[in-house]
Amino acid sequence: MNCIHTTNLSHRFSKKELVLDQVNLQVPEGAIYGFIGPNGAGKTTTLKLILGLLKKQQGTIEVFDKQFDKHRVEILKNIGSLIEVPSLYGHLTAKENLKIWQKIYQCPKSRIDEVLEIVGLSETGKKKAGKFSLGMKQRLSIATTLLHSPKLIILDEPTNGLDPNGIIEIRELLKKLNTEQNITIVISSHLLAEIEKIVTHIGVINYGKILFQGTLEELHLKQSQTSFISFETSDKEKTIEVMKSNNLTPTISNEQILIPSIDKKLIAKINSQLVVQNIDVYQINTINNDLESIFIDLTKK
Amino acid sequence: MKFIHSVQSEWYKTKRSAASWLCIVGGFFIPIIYFIAFLKNQNSINDYDSKINIWDNLFMQLWSNMGTFILPMGLILASSLLTQMEFKNNTWKQLHTTPQSYTNIFFAKFSVLLLMTLKFFIFFNIGMILTGLLPCLIFDHQLPKEAIPIKNFAMGNLKIFVASMPLLALQYLLSLKFKNFLVPVGIGLMGLIGTLIGIQWKYIFISPYSYAPLLFMKGVSKINIFLYAGIPFILIMTISYFLYIAKKEKG
């Protein structure tokens, strides 16, 4: 079952500016869905539409298999969200901030201490949220999203402005929430490296279009498909002939001959054929495209 | 989600807020000035040479000073501060993703504005009564002979409260519309000053800022303020509600 399912979601801020173009987002239940794309790609707009913060113009949005427009209040009971910068009342303490939302969600008051414990903010006492560091503010915002024990959490760039330790802490917290409480998490970021360690599914967006969507394994498969084997030999022309005779399509780059990733037995066979033809083989390398370069490659198009 | 929970949540936000402090300071401001004047002249309301009840006299004096400018100004500031709390803290988006209908959010926030006005009135009345009582105790150790006319006070307060509602509705509309705090405050201030300058104009009642000053000019009892202020209040609130609901971006 999909937790979120959008169909042909399009959005314009003006007649000329198409911000989202036929976005079909599918977030499976129980997943940690990494929604990545460069700044201005359409991530926040998509998430704001899903949460009803922007008026939908075209397409459909289903959350928990229900149309968002028709079941807004019912759906929002089970969603916790943090969009862009933390939303906190600076003149109130951490507990008081949570009390505001507790009154709306009508969840048990004991949840306030529980979620503060989860995010490590139990000891903030009378300190006002306005005096918190950015990391503490982010953690308090996450506590707000967890307060009513939602089934789905939507976090838009939650690690923005955090130091490496803060990023690791939040990453670990999200992993724990997903595995222990089976909460579906949608986390957006413009850095793949930042979220690839925790996500199970990935959606790549740029210029308002979804360029890739699938499991992390599928992305890894794409990674292997875009890997190359490079050969450096004493005779390029003959090497190319040998490769063509093996039904391969070689290309030349920086004095090296590149072929798409192949089975290692075939690599050995080509090597033997080159040696037989008195061609000196200086080196054979595998060039692996890391996920980051795939992301850059996808978003460049 | 029940409306009362939305109001409770909105009310809790005002704890220690600037708007909340404004109610306390604004409510006690004029009574303290009168209290100081009594102390300076070493007299009390017992010294009033009045044909009407001395408490009614004090009530009219204090409210006349308060109602024409300080009260409208305080309400302009309070309504802007209330919505500014959401703009400044980036909390509109958090509020709009809670399981409440937009109607609940709109009216809960306005209810809190009304409750804050009520809080202001309560502080003002406490201040007024203390201003009447304390100098008597300090100087001649005798309390005023006349009883506090509770019914008159209540009716007078109610009329001033109702007279303030069109202003509250308009300022609420403006402060929901504009993120910049100075815009609703600036428009409010200009509207109020313009109204006071043109208060003699026969059509001045078209200004939502005119009702409280008119009440003191024409007398609290001589105007059917419920009808006078009620119609523009409902009209402005309806426009405000539809503008809020139709807002394309809610955070």
# chains A, B, ... in the order shown; residues from 1 in each chain; ligands from 1
$ closest_atom_pairs --of "chain A" --to "chain B" --cutoff "7 Å" --atoms "only C-alpha atoms" --output "tab-separated table"
residue	atom	partner	partner_atom	distance
A:Leu51	CA	B:Thr97	CA	6.3
A:Leu53	CA	B:Lys250	CA	4.8
A:Leu54	CA	B:Glu249	CA	4.7
A:Lys55	CA	B:Lys248	CA	5.2
A:Val73	CA	B:Pro99	CA	4.4
A:Glu74	CA	B:Pro99	CA	6.7
A:Leu76	CA	B:Pro99	CA	5.0
A:Lys77	CA	B:Pro99	CA	5.2
A:Ser87	CA	B:Thr91	CA	4.7
A:Leu88	CA	B:Asn89	CA	5.8
A:Tyr89	CA	B:Asn89	CA	5.7
A:Gly90	CA	B:Asn89	CA	6.7
A:His91	CA	B:Ser17	CA	6.6
A:Ile100	CA	B:Ser9	CA	4.9
A:Trp101	CA	B:Ser9	CA	7.0
A:Lys103	CA	B:Ser9	CA	5.5
A:Ile104	CA	B:His5	CA	5.6
$ residues_around --residues "Leu137 of chain B" --least-positions-apart "3" --cutoff "12 Å" --atoms "only C-alpha atoms" --output "PyMOL selection string"
chain B and resi 38-39+42-46+130-134+140-144
$ closest_residue --among "B:Phe124, B:Tyr203, B:Phe153, B:Tyr209" --to "Trp55 of chain B" --atoms "only C-alpha atoms"
B:Phe153
$ residues_around --residues "His148 of chain A" --least-positions-apart "3" --cutoff "12 Å" --atoms "only C-alpha atoms" --output "MDAnalysis selection string"
(chainID A and resid 76:81 98:99 101:112 114:115 142:145 151:153) or (chainID B and resid 98:99)
$ closest_residue --among "A:Asp69, A:Asp297, A:Glu62, A:Glu84" --to "Leu211 of chain A" --atoms "only C-alpha atoms"
A:Asp297
$ residues_around --residues "Met243 of chain A" --least-positions-apart "5" --cutoff "9 Å" --atoms "only C-alpha atoms" --output "ChimeraX atom specification"
/A:238,248-250,259,270
$ atom_distance --atom1 "atom CA of Glu241 of chain A" --atom2 "atom CA of Ile287 of chain A"
21.5 Å
$ residues_around --residues "Trp63 of chain B" --least-positions-apart "2" --cutoff "10 Å" --atoms "only C-alpha atoms" --output "CSV table (one decimal) with N, CA, C and O atoms, in the first residue's frame"
chain,number,residue,atom,x,y,z
B,30,ILE,N,-4.3,54.3,32.0
B,30,ILE,CA,-5.1,55.5,32.4
B,30,ILE,C,-5.5,55.5,33.9
B,30,ILE,O,-5.3,56.5,34.6
B,31,PRO,N,-5.9,54.4,34.5
B,31,PRO,CA,-6.2,54.4,35.9
B,31,PRO,C,-5.0,54.8,36.7
B,31,PRO,O,-5.1,55.5,37.7
B,57,ASN,N,-19.3,58.9,37.2
B,57,ASN,CA,-18.5,60.1,36.8
B,57,ASN,C,-17.0,59.6,36.5
B,57,ASN,O,-16.5,59.9,35.4
B,58,LEU,N,-16.5,58.8,37.4
B,58,LEU,CA,-15.1,58.3,37.2
B,58,LEU,C,-15.1,57.4,36.0
B,58,LEU,O,-14.1,57.5,35.1
B,59,PHE,N,-16.1,56.6,35.8
B,59,PHE,CA,-16.2,55.7,34.7
B,59,PHE,C,-16.1,56.5,33.4
B,59,PHE,O,-15.3,56.2,32.5
B,60,MET,N,-16.9,57.5,33.3
B,60,MET,CA,-17.0,58.3,32.1
B,60,MET,C,-15.7,59.1,31.8
B,60,MET,O,-15.2,59.1,30.7
B,61,GLN,N,-15.1,59.6,32.9
B,61,GLN,CA,-13.8,60.3,32.7
B,61,GLN,C,-12.7,59.4,32.2
B,61,GLN,O,-12.0,59.7,31.2
B,65,ASN,N,-11.1,59.2,28.2
B,65,ASN,CA,-9.6,59.3,27.9
B,65,ASN,C,-9.1,58.1,27.2
B,65,ASN,O,-8.2,58.2,26.4
B,66,MET,N,-9.6,57.0,27.6
B,66,MET,CA,-9.2,55.7,27.1
B,66,MET,C,-9.8,55.4,25.7
B,66,MET,O,-9.1,55.0,24.8
B,67,GLY,N,-11.1,55.6,25.6
B,67,GLY,CA,-11.8,55.1,24.4
B,67,GLY,C,-11.6,55.7,23.1
B,67,GLY,O,-11.6,55.1,22.1
B,68,THR,N,-11.2,57.0,23.1
B,68,THR,CA,-11.1,57.7,21.8
B,68,THR,C,-9.8,57.4,21.1
B,68,THR,O,-9.8,57.2,19.9
B,70,ILE,N,-6.5,55.7,23.0
B,70,ILE,CA,-5.6,54.7,23.5
B,70,ILE,C,-6.2,53.3,23.3
B,70,ILE,O,-5.5,52.4,22.9
B,71,LEU,N,-7.5,53.1,23.5
B,71,LEU,CA,-8.1,51.8,23.3
B,71,LEU,C,-8.0,51.4,21.8
B,71,LEU,O,-7.5,50.3,21.6
B,124,PHE,N,-8.6,47.1,33.1
B,124,PHE,CA,-9.0,48.5,33.1
B,124,PHE,C,-10.0,48.8,34.2
B,124,PHE,O,-9.9,49.7,35.0
B,125,ASN,N,-11.0,47.9,34.3
B,125,ASN,CA,-12.0,48.1,35.4
B,125,ASN,C,-11.5,47.9,36.8
B,125,ASN,O,-11.8,48.6,37.7
B,128,MET,N,-9.6,50.9,37.5
B,128,MET,CA,-10.5,52.0,37.7
B,128,MET,C,-11.1,52.0,39.1
B,128,MET,O,-11.1,53.0,39.9
B,156,GLY,N,-22.0,49.7,30.2
B,156,GLY,CA,-21.1,50.6,29.6
B,156,GLY,C,-19.9,49.9,28.9
B,156,GLY,O,-19.6,50.1,27.8
B,157,ASN,N,-19.4,48.9,29.7
B,157,ASN,CA,-18.3,48.1,29.1
B,157,ASN,C,-18.7,47.3,27.9
B,157,ASN,O,-18.0,47.3,26.9
B,160,ILE,N,-18.9,49.6,24.9
B,160,ILE,CA,-17.6,50.0,24.3
B,160,ILE,C,-17.0,48.8,23.6
B,160,ILE,O,-16.3,48.9,22.6
B,212,ALA,N,-16.1,53.7,18.7
B,212,ALA,CA,-15.8,54.0,20.1
B,212,ALA,C,-15.8,55.5,20.3
B,212,ALA,O,-16.4,56.0,21.3
B,216,PHE,N,-18.5,58.1,22.8
B,216,PHE,CA,-18.2,59.0,23.9
B,216,PHE,C,-18.6,60.5,23.5
B,216,PHE,O,-18.9,61.2,24.4
$ residues_around --residues "segment 181-184 of chain B" --least-positions-apart "4" --cutoff "8 Å" --atoms "only C-alpha atoms" --output "list in words"
Ile76, Ser80, Leu81, Gln84, Gln171, Leu174, Ser175 and Gly188 of chain B
$ write_last_selection --atoms "N, CA, C and O atoms" --output "tab-separated table (two decimals), in the first residue's frame"
chain	number	residue	atom	x	y	z
B	76	ILE	N	-5.37	47.96	17.80
B	76	ILE	CA	-4.64	47.86	16.52
B	76	ILE	C	-3.33	47.09	16.74
B	76	ILE	O	-3.00	46.17	16.00
B	80	SER	N	-2.36	43.04	15.56
B	80	SER	CA	-1.18	42.82	14.71
B	80	SER	C	-0.19	41.90	15.40
B	80	SER	O	0.41	41.03	14.77
B	81	LEU	N	-0.01	42.12	16.70
B	81	LEU	CA	0.96	41.28	17.44
B	81	LEU	C	0.52	39.82	17.47
B	81	LEU	O	1.35	38.91	17.43
B	84	GLN	N	1.24	38.41	14.11
B	84	GLN	CA	2.67	38.54	13.88
B	84	GLN	C	3.43	37.39	14.55
B	84	GLN	O	4.48	36.95	14.07
B	171	GLN	N	-8.80	45.19	11.60
B	171	GLN	CA	-7.37	45.01	11.90
B	171	GLN	C	-6.98	43.54	11.80
B	171	GLN	O	-5.87	43.21	11.39
B	174	LEU	N	-6.49	42.84	8.15
B	174	LEU	CA	-5.23	43.41	7.65
B	174	LEU	C	-4.02	42.62	8.17
B	174	LEU	O	-3.07	42.37	7.42
B	175	SER	N	-4.07	42.24	9.43
B	175	SER	CA	-2.89	41.55	9.97
B	175	SER	C	-2.79	40.10	9.50
B	175	SER	O	-1.71	39.52	9.53
B	188	GLY	N	-3.91	51.14	10.30
B	188	GLY	CA	-4.78	51.35	11.46
B	188	GLY	C	-4.60	52.73	12.04
B	188	GLY	O	-5.58	53.43	12.33
$ atom_distance --atom1 "atom CA of Leu114 of chain B" --atom2 "atom CA of Gly130 of chain A"
27.0 Å
$ select_by_dssp --residues "segment 230-260 of chain A" --states "strand (DSSP E)" --output "PDB file with N, CA and C atoms, in the first residue's frame"
ATOM      1  N   SER A 230      37.862   0.413 -18.142  1.00  0.00           N
ATOM      2  CA  SER A 230      38.793   1.173 -18.998  1.00  0.00           C
ATOM      3  C   SER A 230      40.050   0.343 -19.282  1.00  0.00           C
ATOM      4  N   PHE A 231      40.475   0.432 -20.511  1.00  0.00           N
ATOM      5  CA  PHE A 231      41.697  -0.289 -20.946  1.00  0.00           C
ATOM      6  C   PHE A 231      42.726   0.742 -21.381  1.00  0.00           C
ATOM      7  N   GLU A 232      43.985   0.534 -20.953  1.00  0.00           N
ATOM      8  CA  GLU A 232      45.075   1.365 -21.476  1.00  0.00           C
ATOM      9  C   GLU A 232      46.080   0.401 -22.116  1.00  0.00           C
ATOM     10  N   THR A 233      46.248   0.549 -23.423  1.00  0.00           N
ATOM     11  CA  THR A 233      47.101  -0.408 -24.159  1.00  0.00           C
ATOM     12  C   THR A 233      48.079   0.348 -25.055  1.00  0.00           C
ATOM     13  N   THR A 251      34.528   3.388 -26.454  1.00  0.00           N
ATOM     14  CA  THR A 251      34.704   4.833 -26.676  1.00  0.00           C
ATOM     15  C   THR A 251      36.076   5.219 -26.119  1.00  0.00           C
ATOM     16  N   ILE A 252      36.608   6.327 -26.637  1.00  0.00           N
ATOM     17  CA  ILE A 252      37.926   6.755 -26.140  1.00  0.00           C
ATOM     18  C   ILE A 252      37.770   7.990 -25.269  1.00  0.00           C
ATOM     19  N   SER A 253      38.406   7.929 -24.110  1.00  0.00           N
ATOM     20  CA  SER A 253      38.367   9.081 -23.212  1.00  0.00           C
ATOM     21  C   SER A 253      39.699   9.157 -22.478  1.00  0.00           C
ATOM     22  N   GLN A 256      42.225   6.520 -22.844  1.00  0.00           N
ATOM     23  CA  GLN A 256      41.792   5.192 -22.408  1.00  0.00           C
ATOM     24  C   GLN A 256      40.587   4.747 -23.232  1.00  0.00           C
ATOM     25  N   ILE A 257      40.488   3.434 -23.377  1.00  0.00           N
ATOM     26  CA  ILE A 257      39.339   2.910 -24.129  1.00  0.00           C
ATOM     27  C   ILE A 257      38.323   2.413 -23.107  1.00  0.00           C
ATOM     28  N   LEU A 258      37.105   2.926 -23.239  1.00  0.00           N
ATOM     29  CA  LEU A 258      36.060   2.579 -22.267  1.00  0.00           C
ATOM     30  C   LEU A 258      35.007   1.671 -22.888  1.00  0.00           C
ATOM     31  N   ILE A 259      34.626   0.659 -22.119  1.00  0.00           N
ATOM     32  CA  ILE A 259      33.478  -0.174 -22.536  1.00  0.00           C
ATOM     33  C   ILE A 259      32.527  -0.285 -21.337  1.00  0.00           C
ATOM     34  N   PRO A 260      31.229  -0.482 -21.610  1.00  0.00           N
ATOM     35  CA  PRO A 260      30.302  -0.629 -20.472  1.00  0.00           C
ATOM     36  C   PRO A 260      30.701  -1.830 -19.621  1.00  0.00           C
TER      37      PRO A 260
END
$ residues_around --residues "Asn160 of chain A" --least-positions-apart "6" --cutoff "9 Å" --atoms "only C-alpha atoms" --output "MDAnalysis selection string"
chainID A and resid 84:85 138 167 189
$ write_last_selection --atoms "all heavy atoms" --output "CSV table (one decimal), in the first residue's frame"
chain,number,residue,atom,x,y,z
A,84,GLU,N,10.8,23.2,5.8
A,84,GLU,CA,11.9,24.2,5.8
A,84,GLU,C,12.3,24.5,7.2
A,84,GLU,O,12.7,23.6,7.9
A,84,GLU,CB,11.4,25.4,5.0
A,84,GLU,CG,11.2,25.2,3.5
A,84,GLU,CD,10.5,26.3,2.8
A,84,GLU,OE1,9.6,26.9,3.4
A,84,GLU,OE2,11.0,26.6,1.7
A,85,VAL,N,12.3,25.8,7.6
A,85,VAL,CA,12.9,26.1,8.9
A,85,VAL,C,11.9,25.7,10.0
A,85,VAL,O,10.7,25.6,9.8
A,85,VAL,CB,13.1,27.7,8.9
A,85,VAL,CG1,14.2,28.1,8.1
A,85,VAL,CG2,11.8,28.4,8.5
A,138,GLN,N,15.8,22.3,15.6
A,138,GLN,CA,15.4,21.2,14.6
A,138,GLN,C,14.9,20.0,15.4
A,138,GLN,O,13.9,19.4,15.0
A,138,GLN,CB,16.6,20.8,13.8
A,138,GLN,CG,17.1,21.8,12.8
A,138,GLN,CD,16.2,21.9,11.5
A,138,GLN,OE1,15.1,21.6,11.6
A,138,GLN,NE2,16.8,22.3,10.4
A,167,ILE,N,23.7,16.1,12.2
A,167,ILE,CA,23.1,15.3,11.1
A,167,ILE,C,23.1,13.8,11.4
A,167,ILE,O,22.1,13.1,11.2
A,167,ILE,CB,24.0,15.5,9.8
A,167,ILE,CG1,23.9,17.0,9.4
A,167,ILE,CG2,23.6,14.6,8.7
A,167,ILE,CD1,24.8,17.4,8.2
A,189,SER,N,16.0,16.4,0.6
A,189,SER,CA,17.4,16.9,0.8
A,189,SER,C,17.9,17.3,-0.6
A,189,SER,O,17.4,16.8,-1.6
A,189,SER,CB,18.3,15.9,1.4
A,189,SER,OG,19.6,16.4,1.5
$ atom_distance --atom1 "atom CA of Phe13 of chain A" --atom2 "atom CA of Ile187 of chain A"
23.6 Å
$ closest_residue --among "B:Val162, B:Leu170, B:Cys136, B:Leu243" --to "Leu227 of chain B" --atoms "only C-alpha atoms"
B:Val162
$ select_by_dssp --residues "segment 188-233 of chain A" --states "alpha helix (DSSP H)" --output "mmCIF file with all heavy atoms, in the first residue's frame"
data_model
loop_
_atom_site.group_PDB
_atom_site.id
_atom_site.type_symbol
_atom_site.label_atom_id
_atom_site.label_comp_id
_atom_site.auth_asym_id
_atom_site.auth_seq_id
_atom_site.Cartn_x
_atom_site.Cartn_y
_atom_site.Cartn_z
ATOM 1 N N LEU A 192 22.418 13.949 -1.832
ATOM 2 C CA LEU A 192 22.150 12.510 -1.812
ATOM 3 C C LEU A 192 22.974 11.822 -0.721
ATOM 4 O O LEU A 192 22.471 10.965 0.008
ATOM 5 C CB LEU A 192 22.446 11.907 -3.185
ATOM 6 C CG LEU A 192 22.308 10.398 -3.299
ATOM 7 C CD1 LEU A 192 20.883 9.956 -3.026
ATOM 8 C CD2 LEU A 192 22.740 9.911 -4.660
ATOM 9 N N ALA A 193 24.248 12.245 -0.604
ATOM 10 C CA ALA A 193 25.150 11.600 0.357
ATOM 11 C C ALA A 193 24.584 11.680 1.778
ATOM 12 O O ALA A 193 24.816 10.790 2.598
ATOM 13 C CB ALA A 193 26.505 12.273 0.294
ATOM 14 N N GLU A 194 23.835 12.731 2.044
ATOM 15 C CA GLU A 194 23.314 12.965 3.386
ATOM 16 C C GLU A 194 22.229 11.954 3.771
ATOM 17 O O GLU A 194 22.077 11.604 4.925
ATOM 18 C CB GLU A 194 22.733 14.382 3.402
ATOM 19 C CG GLU A 194 22.460 14.933 4.764
ATOM 20 C CD GLU A 194 21.912 16.343 4.658
ATOM 21 O OE1 GLU A 194 22.724 17.265 4.573
ATOM 22 O OE2 GLU A 194 20.682 16.505 4.637
ATOM 23 N N ILE A 195 21.476 11.496 2.774
ATOM 24 C CA ILE A 195 20.338 10.629 3.131
ATOM 25 C C ILE A 195 20.457 9.199 2.594
ATOM 26 O O ILE A 195 19.690 8.342 3.000
ATOM 27 C CB ILE A 195 18.990 11.237 2.666
ATOM 28 C CG1 ILE A 195 18.994 11.540 1.187
ATOM 29 C CG2 ILE A 195 18.631 12.462 3.481
ATOM 30 C CD1 ILE A 195 17.605 11.869 0.644
ATOM 31 N N LEU A 216 16.267 1.761 -3.251
ATOM 32 C CA LEU A 216 17.698 2.056 -3.241
ATOM 33 C C LEU A 216 18.444 1.012 -4.085
ATOM 34 O O LEU A 216 19.407 1.337 -4.786
ATOM 35 C CB LEU A 216 18.211 2.048 -1.792
ATOM 36 C CG LEU A 216 19.560 2.694 -1.559
ATOM 37 C CD1 LEU A 216 19.538 4.170 -1.923
ATOM 38 C CD2 LEU A 216 19.984 2.549 -0.100
ATOM 39 N N GLU A 217 17.920 -0.240 -4.058
ATOM 40 C CA GLU A 217 18.545 -1.313 -4.854
ATOM 41 C C GLU A 217 18.467 -0.979 -6.345
ATOM 42 O O GLU A 217 19.422 -1.191 -7.090
ATOM 43 C CB GLU A 217 17.842 -2.665 -4.604
ATOM 44 C CG GLU A 217 18.126 -3.307 -3.254
ATOM 45 C CD GLU A 217 17.411 -2.604 -2.114
ATOM 46 O OE1 GLU A 217 16.303 -2.085 -2.338
ATOM 47 O OE2 GLU A 217 17.995 -2.533 -1.009
ATOM 48 N N GLU A 218 17.316 -0.471 -6.734
ATOM 49 C CA GLU A 218 17.149 -0.112 -8.159
ATOM 50 C C GLU A 218 18.121 0.994 -8.564
ATOM 51 O O GLU A 218 18.641 1.000 -9.670
ATOM 52 C CB GLU A 218 15.704 0.322 -8.424
ATOM 53 C CG GLU A 218 14.736 -0.848 -8.478
ATOM 54 C CD GLU A 218 13.265 -0.435 -8.438
ATOM 55 O OE1 GLU A 218 12.954 0.672 -7.987
ATOM 56 O OE2 GLU A 218 12.437 -1.269 -8.835
ATOM 57 N N LEU A 219 18.378 1.877 -7.624
ATOM 58 C CA LEU A 219 19.338 2.948 -7.915
ATOM 59 C C LEU A 219 20.746 2.369 -8.014
ATOM 60 O O LEU A 219 21.535 2.762 -8.867
ATOM 61 C CB LEU A 219 19.274 4.045 -6.839
ATOM 62 C CG LEU A 219 20.002 5.329 -7.179
ATOM 63 C CD1 LEU A 219 19.362 6.045 -8.360
ATOM 64 C CD2 LEU A 219 20.045 6.270 -5.982
ATOM 65 N N HIS A 220 21.015 1.386 -7.133
ATOM 66 C CA HIS A 220 22.329 0.731 -7.188
ATOM 67 C C HIS A 220 22.502 -0.030 -8.502
ATOM 68 O O HIS A 220 23.601 -0.079 -9.057
ATOM 69 C CB HIS A 220 22.514 -0.212 -5.995
ATOM 70 C CG HIS A 220 22.889 0.506 -4.734
ATOM 71 N ND1 HIS A 220 24.046 1.228 -4.618
ATOM 72 C CD2 HIS A 220 22.253 0.636 -3.544
ATOM 73 C CE1 HIS A 220 24.121 1.774 -3.409
ATOM 74 N NE2 HIS A 220 23.027 1.428 -2.739
ATOM 75 N N LEU A 221 21.401 -0.623 -8.989
ATOM 76 C CA LEU A 221 21.441 -1.339 -10.266
ATOM 77 C C LEU A 221 21.777 -0.355 -11.384
ATOM 78 O O LEU A 221 22.603 -0.633 -12.252
ATOM 79 C CB LEU A 221 20.082 -2.006 -10.516
ATOM 80 C CG LEU A 221 20.005 -2.909 -11.739
ATOM 81 C CD1 LEU A 221 20.855 -4.162 -11.528
ATOM 82 C CD2 LEU A 221 18.560 -3.319 -12.017
ATOM 83 N N LYS A 222 21.159 0.791 -11.296
ATOM 84 C CA LYS A 222 21.418 1.850 -12.279
ATOM 85 C C LYS A 222 22.887 2.259 -12.212
ATOM 86 O O LYS A 222 23.540 2.496 -13.234
ATOM 87 C CB LYS A 222 20.524 3.052 -11.971
ATOM 88 C CG LYS A 222 20.339 4.002 -13.130
ATOM 89 C CD LYS A 222 19.322 5.055 -12.786
ATOM 90 C CE LYS A 222 19.144 6.060 -13.878
ATOM 91 N NZ LYS A 222 18.462 5.553 -15.057
ATOM 92 N N GLN A 223 23.390 2.223 -10.970
ATOM 93 C CA GLN A 223 24.789 2.582 -10.751
ATOM 94 C C GLN A 223 25.706 1.579 -11.470
ATOM 95 O O GLN A 223 26.637 1.961 -12.174
ATOM 96 C CB GLN A 223 25.066 2.571 -9.244
ATOM 97 C CG GLN A 223 26.499 2.842 -8.858
ATOM 98 C CD GLN A 223 26.700 2.605 -7.361
ATOM 99 O OE1 GLN A 223 25.890 1.985 -6.693
ATOM 100 N NE2 GLN A 223 27.805 3.110 -6.855
ATOM 101 N N SER A 224 25.372 0.266 -11.316
ATOM 102 C CA SER A 224 26.227 -0.740 -11.956
ATOM 103 C C SER A 224 26.114 -0.666 -13.468
ATOM 104 O O SER A 224 27.075 -0.908 -14.194
ATOM 105 C CB SER A 224 25.886 -2.137 -11.446
ATOM 106 O OG SER A 224 24.579 -2.466 -11.856
ATOM 107 N N GLN A 225 24.886 -0.277 -13.923
ATOM 108 C CA GLN A 225 24.700 -0.181 -15.379
ATOM 109 C C GLN A 225 25.469 0.990 -15.987
ATOM 110 O O GLN A 225 25.758 1.021 -17.166
ATOM 111 C CB GLN A 225 23.210 -0.016 -15.698
ATOM 112 C CG GLN A 225 22.451 -1.323 -15.566
ATOM 113 C CD GLN A 225 20.949 -1.110 -15.526
ATOM 114 O OE1 GLN A 225 20.476 0.025 -15.459
ATOM 115 N NE2 GLN A 225 20.203 -2.201 -15.558
#
$ decode --residues "segment 46-58 of chain B" --atoms "C-alpha atoms" --output "compact mmCIF listing (two decimals), in the first residue's frame"
# COMPACT_ATOMS: atom_id res chain seq x y z
CA ASN B 46 -15.20 61.72 47.24
CA ASP B 47 -14.20 65.24 46.21
CA TYR B 48 -16.11 65.03 42.92
CA ASP B 49 -18.83 67.62 42.74
CA SER B 50 -21.11 65.49 40.66
CA LYS B 51 -24.81 65.32 39.96
CA ILE B 52 -24.48 61.74 38.84
CA ASN B 53 -23.10 58.81 40.82
CA ILE B 54 -19.40 59.57 41.50
CA TRP B 55 -18.47 56.11 40.20
CA ASP B 56 -20.32 56.77 36.95
CA ASN B 57 -18.47 60.07 36.81
CA LEU B 58 -15.12 58.31 37.21
